[in-house]
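Here's the structure, in structure tokens; my notes come after.
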Amino acid sequence: MSAIGVVSSCSCLRPGVWLLKSGMQKMSSFGLHTAARCAAKDYYEVLVLGGGAGGIAMSARMKRKVGAENVAVVEPSKTHYYQPLWTLVGGGAKQLAASARPMGSVMPKGVEWIKSRVTALDPDKNCVCLENDIKVSYKYLIIALGISLHYEKIKGLPEGFDHPKIGSNYSVHTVEKTWKAIQDFKEGNAIFTFPNTPVKCAGAPQKIMYLSDAYWRKTGKRSKANIMFNTSLGAIFAVKKYADALLEVIKERNIAVNYKRNLVEVRADRQEAVFENLDKPGETETHQYGMLHVTPPMGPPTVLINSPVSDAAGWVDVDKETLQHKKYPNVFGIGDCTNLPTSKTAAAVAAQSGVLDKTISLVMKNQLPAKKYDGYTSCPLVTGYNKVILAEFDYNAQPLETFPIDQSKERVTMYHMKADMMPLLYWNALLK
């Protein structure tokens, strides 16, 4: 799902139930693939762009349809990350190393790994351009390039991360800084931000806030902390059922929420964060901080901006039910890089991969796609070191829950599913 070796920051649930049953049985049929080179040939029946969750899952599925020798994945990164774990890494509950695997180890055996970057897409000629002026043609193209982080759009970043008291769970380079900032916190404002752009997993910026609250209560520092959630949004969460539950948590834990506040500058040498009031454009307010967690602005990968396959905003323009491109019938999209009107999560990828598999199967037979994606996504909202509210919902922001219980309640069982079960399902089922 991402050309930089990362995946979305929420785990999958409903698709995970199926994956646990079928994926584990198929584990043994996939071995290591360690080839890392430029294109071995200039044509593949299925070309996959991106080696994140969506790209690897779809390359495994396509291998079974057309044969491994007819599938290639374009991905420059040497490491594949399971980013949903980074919430717990930033909170000190997991080690960063546990989220990483060599990219070659997750490639389906026999599938060609083209270790290069995509520089341009030419769907009219059924080809893509890679670095060093290499061109690769295809019969079918699956775009799974993920989403790009833009710390540089905040004045003072990313260089501000060289200073203490600031971290971000969204980057492999800064997630451990979050845990250090939490541990080193003494007193003052502890500020957590949400940017004025689409993001990976809308719940993730809050999760680290709840973990920080729990840690400071445990260590006796909570009375010295003024926890603030400054969000560019006008609501705490898009789905009312879970928003109501989160507001109860926020009230109980005495957390201040400031809506329509967008982080525009960090003065890390002075521990100051500057926010624009989106209801009054141009008006800013500055807060001193004792700890700052930054969720960066995000956007489509550069190669997709002004591309023939993208909409005006730069997202891959696909049908929201079939994931087939609206203009090019042999082009498909999955995951964070698409304009699907649902949350950008690994859970969404898990659901989308099954639909896309069916869509491509029918297209290969010159038939119209029939399977419809309902927008299912999931976000396990970590509210403590042993508590999770399991949010699952569809395109209409309506709950679409797996279990016959009230999933808006904080539960220990859901925490263990998030922390322990879902990583196993990810590595051993979804990617297979």
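Each chain in the structure tokens gets a letter, A, B and so on, in the order shown; residues start at 1 in every chain, and ligands are counted from 1 in the order they appear.
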Quick one: residues within 8 Å of Ala60 in chain A, only C-alpha atoms counted, chain neighbours fewer than 2 positions away excluded, as a list in words?
Ile56, Ala57, Met58, Met62, Lys63, Arg64, Met107, Pro108, Leu431 and Lys432 of chain A
As a PDB file with C-alpha atoms, in the first residue's frame, please: the residues near Thr295 in chain A (cut-off 7 Å, only C-alpha atoms, same-chain neighbours under 5 positions excluded).
ATOM      1  CA  SER A 168       5.392  11.606  16.072  1.00  0.00           C
ATOM      2  CA  TYR A 170       3.690   8.393  12.009  1.00  0.00           C
ATOM      3  CA  THR A 193      -2.496  17.402  17.003  1.00  0.00           C
ATOM      4  CA  PHE A 194      -4.653  16.426  14.023  1.00  0.00           C
ATOM      5  CA  PRO A 195      -3.862  18.108  10.644  1.00  0.00           C
ATOM      6  CA  PRO A 205      -3.728  10.875  16.813  1.00  0.00           C
TER       7      PRO A 205
END
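When only C-alpha atoms are used to compute distances to Leu85 in chain A, the closest of the residues A:Asn226, A:Asn386, A:Gln367, A:Ser99 turns out to be A:Ser99.
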Show me a table, sorted first by chain and then by increasing residue number, of the residues of range 82-152 of chain A having an atom at most 10 Å from range 41-50 of chain A, each with its shortest atom pair and the distance in Å to one decimal, counting only C-alpha atoms and written as a Markdown table.
| residue | atom | partner | partner_atom | distance |
| --- | --- | --- | --- | --- |
| A:Glu112 | CA | A:Tyr44 | CA | 9.4 |
| A:Trp113 | CA | A:Val48 | CA | 9.7 |
| A:Ile114 | CA | A:Leu49 | CA | 9.6 |
| A:Arg117 | CA | A:Leu49 | CA | 8.9 |
| A:Val118 | CA | A:Leu49 | CA | 7.6 |
| A:Asn126 | CA | A:Tyr43 | CA | 9.8 |
| A:Cys127 | CA | A:Tyr43 | CA | 8.6 |
| A:Val128 | CA | A:Leu47 | CA | 9.3 |
| A:Ile134 | CA | A:Asp42 | CA | 8.4 |
| A:Lys135 | CA | A:Asp42 | CA | 6.6 |
| A:Val136 | CA | A:Asp42 | CA | 4.6 |
| A:Ser137 | CA | A:Tyr43 | CA | 4.6 |
| A:Tyr138 | CA | A:Tyr44 | CA | 5.0 |
| A:Lys139 | CA | A:Glu45 | CA | 4.8 |
| A:Tyr140 | CA | A:Val46 | CA | 4.8 |
| A:Leu141 | CA | A:Leu47 | CA | 5.0 |
| A:Ile142 | CA | A:Val48 | CA | 4.8 |
| A:Ile143 | CA | A:Leu49 | CA | 5.0 |
| A:Ala144 | CA | A:Gly50 | CA | 5.0 |
| A:Leu145 | CA | A:Gly50 | CA | 4.7 |
| A:Gly146 | CA | A:Gly50 | CA | 7.4 |
Write out as a list in words all residues of range 109-145 of chain A that DSSP puts in strand (DSSP E or B) for this structure's backbone.
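Reading the DSSP output for range 109-145 of chain A, strand (DSSP E or B) covers Glu112, Trp113, Ile114, Val118, Thr119, Ala120, Leu121, Asp122, Cys127, Val128, Cys129, Leu130, Ile134, Lys135, Val136, Ser137, Tyr138, Lys139, Tyr140, Leu141, Ile142 and Ile143 of chain A.
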Could you go through range 157-277 of chain A and tell me which residues DSSP, when run on the backbone, assigns to alpha helix (DSSP H), listing them as an NGL selection string?
:A and (175-184 or 204-218 or 240-252)
Residue among A:Pro380, A:Gly220, A:Gly52, A:Gly354 lying closest to Ser408 in chain A, counting only C-alpha atoms
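Result for the nearest residue to Ser408 in chain A: A:Pro380.
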I'd like to know which of A:Leu130, A:Val349, A:Ala97, A:Ile250 is closest to Tyr426 in chain A, using only C-alpha atoms.
A:Val349
Non-local contacts of Ala181 in chain A (8 Å; only C-alpha atoms; under 3 positions in same chain excluded) as an MDAnalysis selection string:
chainID A and resid 164:167 177:178 184:185 291:292
Expected file contents, prior selection, all heavy atoms, as a compact mmCIF listing (two decimals), in the first residue's frame:
# COMPACT_ATOMS: atom_id res chain seq x y z
N PRO A 164 14.28 17.99 22.16
CA PRO A 164 13.51 17.09 23.03
C PRO A 164 12.05 17.52 23.12
O PRO A 164 11.66 18.57 22.60
CB PRO A 164 14.21 17.24 24.38
CG PRO A 164 14.81 18.61 24.34
CD PRO A 164 15.22 18.83 22.91
N LYS A 165 11.24 16.71 23.76
CA LYS A 165 9.84 16.99 24.09
C LYS A 165 8.89 16.92 22.91
O LYS A 165 7.73 17.33 23.02
CB LYS A 165 9.71 18.36 24.78
CG LYS A 165 10.55 18.50 26.04
CD LYS A 165 10.31 19.84 26.72
CE LYS A 165 11.18 19.96 27.98
NZ LYS A 165 10.93 21.23 28.70
N ILE A 166 9.36 16.38 21.77
CA ILE A 166 8.51 16.32 20.59
C ILE A 166 8.69 14.98 19.89
O ILE A 166 9.80 14.46 19.80
CB ILE A 166 8.83 17.49 19.61
CG1 ILE A 166 8.00 17.38 18.33
CG2 ILE A 166 10.30 17.57 19.30
CD1 ILE A 166 8.14 18.57 17.40
N GLY A 167 7.59 14.41 19.42
CA GLY A 167 7.64 13.13 18.71
C GLY A 167 6.48 12.99 17.76
O GLY A 167 5.58 13.84 17.70
N LYS A 177 10.90 8.79 19.55
CA LYS A 177 11.01 10.09 20.21
C LYS A 177 9.73 10.40 21.00
O LYS A 177 9.76 11.10 22.00
CB LYS A 177 11.27 11.19 19.17
CG LYS A 177 12.64 11.11 18.50
CD LYS A 177 12.81 12.22 17.48
CE LYS A 177 14.15 12.12 16.77
NZ LYS A 177 15.29 12.39 17.66
N THR A 178 8.61 9.86 20.52
CA THR A 178 7.36 10.04 21.25
C THR A 178 7.45 9.43 22.64
O THR A 178 7.11 10.06 23.65
CB THR A 178 6.18 9.41 20.48
OG1 THR A 178 6.07 10.00 19.19
CG2 THR A 178 4.88 9.60 21.24
N ASP A 184 9.97 11.67 29.63
CA ASP A 184 10.69 12.83 30.15
C ASP A 184 9.76 13.97 30.58
O ASP A 184 10.23 14.96 31.15
CB ASP A 184 11.66 13.36 29.09
CG ASP A 184 12.81 12.39 28.83
OD1 ASP A 184 13.00 11.45 29.62
OD2 ASP A 184 13.51 12.57 27.80
N PHE A 185 8.48 13.86 30.30
CA PHE A 185 7.54 14.94 30.63
C PHE A 185 7.55 15.22 32.13
O PHE A 185 7.55 14.30 32.94
CB PHE A 185 6.13 14.55 30.19
CG PHE A 185 5.09 15.57 30.56
CD1 PHE A 185 4.87 16.68 29.77
CD2 PHE A 185 4.35 15.43 31.73
CE1 PHE A 185 3.92 17.64 30.12
CE2 PHE A 185 3.40 16.37 32.09
CZ PHE A 185 3.18 17.48 31.28
N MET A 291 5.28 18.70 26.21
CA MET A 291 5.34 17.53 25.33
C MET A 291 4.42 17.81 24.15
O MET A 291 3.34 18.36 24.31
CB MET A 291 4.89 16.27 26.09
CG MET A 291 5.05 14.97 25.31
SD MET A 291 3.52 14.48 24.53
CE MET A 291 4.05 13.01 23.63
N LEU A 292 4.89 17.45 22.95
CA LEU A 292 4.11 17.67 21.74
C LEU A 292 4.17 16.43 20.85
O LEU A 292 5.24 15.93 20.53
CB LEU A 292 4.67 18.87 20.97
CG LEU A 292 4.05 19.17 19.59
CD1 LEU A 292 2.59 19.59 19.74
CD2 LEU A 292 4.85 20.26 18.86
CA of Tyr373 in chain A to CA of Leu390 in chain A, straight-line distance in Å:
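About the pair CA of Leu390 in chain A and CA of Tyr373 in chain A: they are 20.5 Å apart.
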Selection near Asp357 in chain A, 7 Å with only C-alpha atoms, sequence-local residues under 4 positions removed, as a list in words
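With the cut-off at 7 Å, the set is Arg61, Ser353 and Ser361 of chain A.
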Skip Asn230 in chain A itself and residues of its chain fewer than 5 positions away, then list as an NGL selection string all residues within 8 Å of it, counting only C-alpha atoms.
:A and (191-194 or 257-262)
File of the preceding selection, N, CA and C atoms, as a short mmCIF file (atom, residue, chain, number, x, y, z; two decimals), in the first residue's frame:
data_model
loop_
_atom_site.label_atom_id
_atom_site.label_comp_id
_atom_site.auth_asym_id
_atom_site.auth_seq_id
_atom_site.Cartn_x
_atom_site.Cartn_y
_atom_site.Cartn_z
N ILE A 191 0.43 18.49 24.26
CA ILE A 191 -0.42 18.80 23.11
C ILE A 191 -0.35 17.70 22.06
N PHE A 192 -1.52 17.30 21.57
CA PHE A 192 -1.63 16.27 20.53
C PHE A 192 -2.42 16.86 19.37
N THR A 193 -1.93 16.68 18.14
CA THR A 193 -2.50 17.40 17.00
C THR A 193 -3.13 16.49 15.96
N PHE A 194 -4.01 17.09 15.17
CA PHE A 194 -4.65 16.43 14.02
C PHE A 194 -4.66 17.44 12.88
N VAL A 257 -10.30 19.58 24.58
CA VAL A 257 -10.36 19.43 23.13
C VAL A 257 -10.63 20.79 22.50
N ASN A 258 -9.77 21.19 21.57
CA ASN A 258 -9.95 22.44 20.85
C ASN A 258 -10.15 22.11 19.37
N TYR A 259 -11.36 22.35 18.87
CA TYR A 259 -11.70 22.03 17.49
C TYR A 259 -11.25 23.15 16.54
N LYS A 260 -11.13 22.77 15.27
CA LYS A 260 -10.76 23.70 14.19
C LYS A 260 -9.44 24.43 14.49
N ARG A 261 -8.50 23.69 15.03
CA ARG A 261 -7.16 24.23 15.30
C ARG A 261 -6.15 23.41 14.52
N ASN A 262 -5.41 24.08 13.64
CA ASN A 262 -4.46 23.40 12.75
C ASN A 262 -3.03 23.84 13.06
#
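Our summary of the geometry notes that CA of Leu211 in chain A is positioned 15.3 Å from CA of Met414 in chain A.
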Considering only C-alpha atoms, return as a list of chain:residue names whatever protein or nucleic-acid residues lie within 10 Å of Met209 in chain A, sequence-local ones (same chain, fewer than 3 positions apart) excluded.
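Result of the neighbour search: A:Thr87, A:Gly91, A:Ile182, A:Ala190, A:Ile191, A:Phe192, A:Thr193, A:Ala204, A:Pro205, A:Gln206, A:Ser212, A:Asp213, A:Ala214, A:Tyr215, A:Ile227, A:Met228, A:Phe229, A:Ile255, A:His293, A:Val382, A:Thr383, A:Gly384.
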At a cut-off of 12 Å, using only C-alpha atoms, what residues contact Glu272 in chain A? Leave out same-chain residues fewer than 4 positions from it and give the result as number ranges by chain.
A: 155-156, 160, 163, 165-166, 188-191, 263-268, 285-292
Write a file of the just-selected residues containing N, CA, C and O atoms, as a tab-separated table (two decimals), in the first residue's frame.
chain	number	residue	atom	x	y	z
A	155	LYS	N	5.93	24.77	9.53
A	155	LYS	CA	7.15	25.56	9.71
A	155	LYS	C	7.90	25.08	10.96
A	155	LYS	O	7.30	24.89	12.02
A	156	GLY	N	9.20	24.86	10.81
A	156	GLY	CA	10.00	24.39	11.94
A	156	GLY	C	10.21	22.89	11.97
A	156	GLY	O	10.98	22.37	12.78
A	160	GLY	N	12.71	20.30	13.78
A	160	GLY	CA	12.32	20.42	15.18
A	160	GLY	C	12.42	19.13	15.96
A	160	GLY	O	12.53	19.15	17.19
A	163	HIS	N	15.09	18.39	18.63
A	163	HIS	CA	14.95	18.89	19.99
A	163	HIS	C	14.15	17.90	20.83
A	163	HIS	O	13.41	17.07	20.30
A	165	LYS	N	11.24	16.71	23.76
A	165	LYS	CA	9.84	16.99	24.09
A	165	LYS	C	8.89	16.92	22.91
A	165	LYS	O	7.73	17.33	23.02
A	166	ILE	N	9.36	16.38	21.77
A	166	ILE	CA	8.51	16.32	20.59
A	166	ILE	C	8.69	14.98	19.89
A	166	ILE	O	9.80	14.46	19.80
A	188	GLY	N	3.21	20.95	32.56
A	188	GLY	CA	2.81	21.89	31.52
A	188	GLY	C	1.81	21.30	30.54
A	188	GLY	O	1.15	20.29	30.80
A	189	ASN	N	1.72	21.93	29.37
A	189	ASN	CA	0.80	21.48	28.33
A	189	ASN	C	1.37	20.27	27.60
A	189	ASN	O	2.53	20.28	27.17
A	190	ALA	N	0.55	19.25	27.47
A	190	ALA	CA	0.88	18.10	26.63
A	190	ALA	C	-0.09	18.16	25.45
A	190	ALA	O	-1.29	17.94	25.61
A	191	ILE	N	0.43	18.49	24.26
A	191	ILE	CA	-0.42	18.80	23.11
A	191	ILE	C	-0.35	17.70	22.06
A	191	ILE	O	0.74	17.26	21.69
A	263	LEU	N	-2.16	22.89	13.34
A	263	LEU	CA	-0.75	23.21	13.65
A	263	LEU	C	-0.05	23.75	12.41
A	263	LEU	O	0.00	23.09	11.37
A	264	VAL	N	0.49	24.96	12.50
A	264	VAL	CA	1.17	25.58	11.35
A	264	VAL	C	2.65	25.84	11.60
A	264	VAL	O	3.41	26.04	10.66
A	265	GLU	N	3.07	25.84	12.87
A	265	GLU	CA	4.49	26.11	13.16
A	265	GLU	C	4.88	25.48	14.49
A	265	GLU	O	4.09	25.45	15.43
A	266	VAL	N	6.12	24.96	14.54
A	266	VAL	CA	6.70	24.47	15.78
A	266	VAL	C	8.01	25.20	16.02
A	266	VAL	O	8.90	25.19	15.17
A	267	ARG	N	8.11	25.87	17.15
A	267	ARG	CA	9.35	26.53	17.56
A	267	ARG	C	9.97	25.65	18.64
A	267	ARG	O	9.83	25.91	19.84
A	268	ALA	N	10.64	24.62	18.19
A	268	ALA	CA	11.07	23.57	19.11
A	268	ALA	C	12.12	24.06	20.10
A	268	ALA	O	12.20	23.54	21.22
A	285	GLU	N	-2.79	31.18	17.40
A	285	GLU	CA	-2.59	31.18	18.85
A	285	GLU	C	-1.39	30.31	19.15
A	285	GLU	O	-1.15	29.29	18.48
A	286	THR	N	-0.61	30.70	20.14
A	286	THR	CA	0.63	30.01	20.48
A	286	THR	C	0.52	29.38	21.86
A	286	THR	O	0.05	30.03	22.81
A	287	HIS	N	0.94	28.13	21.94
A	287	HIS	CA	0.91	27.41	23.22
A	287	HIS	C	2.31	26.91	23.56
A	287	HIS	O	3.00	26.32	22.72
A	288	GLN	N	2.71	27.12	24.80
A	288	GLN	CA	3.93	26.50	25.32
A	288	GLN	C	3.62	25.02	25.56
A	288	GLN	O	2.50	24.67	25.94
A	289	TYR	N	4.60	24.15	25.32
A	289	TYR	CA	4.35	22.74	25.58
A	289	TYR	C	5.47	22.09	26.38
A	289	TYR	O	6.64	22.48	26.28
A	290	GLY	N	5.08	21.12	27.19
A	290	GLY	CA	6.04	20.27	27.89
A	290	GLY	C	6.22	18.96	27.15
A	290	GLY	O	7.15	18.20	27.40
A	291	MET	N	5.28	18.70	26.21
A	291	MET	CA	5.34	17.53	25.33
A	291	MET	C	4.42	17.81	24.15
A	291	MET	O	3.34	18.36	24.31
A	292	LEU	N	4.89	17.45	22.95
A	292	LEU	CA	4.11	17.67	21.74
A	292	LEU	C	4.17	16.43	20.85
A	292	LEU	O	5.24	15.93	20.53
For CA of Cys201 in chain A and CA of Tyr376 in chain A, quote the distance in Å rounded to one decimal.
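Separating CA of Cys201 in chain A from CA of Tyr376 in chain A is a distance of 13.0 Å.
Counting only C-alpha atoms and comparing A:Val363, A:Val106, A:Leu149, A:Ala370, the residue that lies closest to Lys78 in chain A is A:Val106.
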